[in-house]
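Everything below concerns the one structure shown next.
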Amino acid sequence: MTSRRNSLLAVLLVASLGASGCSTLGRLNPFDRDKGPQEIAGEGERISIVPADQRLEPAEALAGVGFALPSPSVVSEWPLPGGTPEQWVGNVDAAPGLEVAWRRGFGRGSKGGYHVTAPPISAAGRVYVMDAEANVSARDAQSGAEVWRTNIRPDDNRRDREAFGGGIAFADGKLYVSSGYREVVQLDAATGALGWRTRTDQPIHAAPTVSAGRVFVVALDNTLLTFDAATGALGWTYQALSEPARILAASSPAIFGDTVITAFGSGELIALRAANGNDLWNEALSRASRTSALSEIRDIPGRPVIYQGDVYAVSHSGVFSATDLRTGQSRWSLPVVGISTPLPAGDVVYVVSRDGQVICASRESGQIYWIRDLNEGFSTKKRGGLFGIGGKRPVRPIWSGPLLANNRLIVVGSSGELASLDAQTGEVQKRIGLGSPALITPIAVGNTIYVVTDEAELIALR
């Protein structure tokens with residue numbers, strides 16, 4: 001399990017665009033100190049929005065201070081990767097016992113160039129998942145039984161093992177599926193029958209967002225693509241800055257009214273008009289001071305979230321920010337390295353760092369209520385080798401989430417565990433073994449929480 005997890009995390013953290021490999025390796029070389037960080041920019045320079053000396057610690061003024069959370073409510077559908085176009089779902093009422101009800105395999109798992117990256121979605125009493133070979137299947141939400149299965153790989157591209165990724169979205173009885181096979185397709189949600197298929201110039205590792213008759217999805221070259229949901233015709237596009245190195249996971253746009261917020265591998269957070277692609281504002285979530293080679297990857301792999309007039313996003317280069325949706329002005333920022341999606345709720349916002357810290361911060365000020373290290377006690381000592389030389393150093397587990405359910409934070413990890421934390425205090429209440437790594441944030445529908453694992457298993461907890 002350990003060697004498998006180490007190789008998985010290596011792929012997760014160092015995915016890059018093939019042809020750009022030489023420049024990427026040079027830029028990420030930790031021993032090439034003389035040259036300093038090599039920036040890639042269009043017009044002007046990137047400006048750090050997080051002071052280099054800012055520290056991440058709970059605020060003394062908030063010690064013992066409580067905060068409000070929304071009341072739990074039942075969610076009947078989860079049609080988009082983040083549940084809604086805003087990529088936000090509140091405090092769900094689901095799985096009070098948090099016990100495994102059933103688990104069902106749904107295809108090929110992550111191995112040998114194949115990767116399960118698509119978040120599950122749910123609508124009309126079914127859960128929809130996609131495996132590592134672009135097999136899309138509908139599962140009965142109560143039992144997990146397969147209803148139908150469709151492979152969306154094009155006939156001329158069935159041996160491309162690098163064509164991983166993509167995802168699913170539901171709207172008006174249709175599924176919209178993106179994939180690394182350079183295409184977006186529409187399927188009938190009831191039968192799996194193909195509606196339309198549109199080819200793209202670049203692979204797509206992200207899941208789409210559907211709103212107001214348009215499909216929005218980000219391609220590997222940092223282009224936001226839009227399609228007519230009824231016909232598949234390509235609409236307007238937006239090209240962000242080029243960036244050769246990025247995380248394997250990819251972000252889906254968030255939409256509120258006529259504003260679409262998109263995060264890119266370049267570290268840019270951009271607001272556009274959903275109707276025509278006109279840009280409204282642009283913010284770069286990057287830090288001027290970086291101490292490791294991996295921090296040079298500026299990607300924002302988690303989804304941006306729109307909540308009560310603000311946009312919350314976290315980048316791999318170490319910026320967690322709250323940005324005014326209307327003006328693009330940063331309200332506050334924290335030095336957090338993250339690869340998953342933040343969760344604002346009530347008075348606070350939660351985020352999970354790449355190192356396994358769950359952080360609870362005030363939505364208003366950014367001051368921190370508490371920090372819980374899920375990897376506390378994890379040993380980083382080398383194992384094996386001769387006299388400590390040549391051994392392997394264990395990789396700290398990576399955690400994804402959180403989902404807020406009945407005032408509990410639910411997170412899953414590459415260690416093959418699910419953890420439940422008290423949303424008010426951060427205390428770990430329960431840990432459950434999943435049997436294999438999980439790197440996709442769970443969803444909740446009805447009384448059930450659904451988890452997708454790296455082995456292409458759908459697990460239901462109730």
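Chain labels follow the order of the structure tokens: the first chain is A, the next B, and so on; residue numbering restarts at 1 in every chain, and ligands are counted from 1 in their shown order.
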
Query raised in the report: Do you know which residues are at most 6 Å from region 320-329 of chain A counting only C-alpha atoms, after dropping those on the same chain fewer than 5 positions away, and could you put them as a PyMOL selection string?
Result: chain A and resi 281+309-314+334+336

Report task. Determine the nearest neighbour of Pro72 (chain A) from the options A:Asp258, A:Glu86, A:Asp172, A:Asp93, counting only C-alpha atoms. Result ->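 Once distances to Pro72 (chain A) are computed over only C-alpha atoms, the minimum belongs to A:Asp93.
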
Query - Which of A:Val215, A:Ala456, A:Gln367, A:Val445 sits closest to Glu60 (chain A) [using only C-alpha atoms] - result: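 With only C-alpha atoms as the atom set, the closest residue is A:Gln367.
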
Query - Secondary structure check, strand (DSSP E or B) residues of region 291-435 of chain A, as a ChimeraX atom specification - result: /A:305-307,310-314,320-324,330-334,343-345,348-352,357-362,368-373,383,386,389,392,399-405,408-413,417-422,428-433

Requested in this report: Please identify all polymer residues within 7 Å of Ile449 (chain A), counting only C-alpha atoms, omitting same-chain residues fewer than 6 positions from it, and present them as a PyMOL selection string.
Outcome: chain A and resi 94-95+442-443+460-462
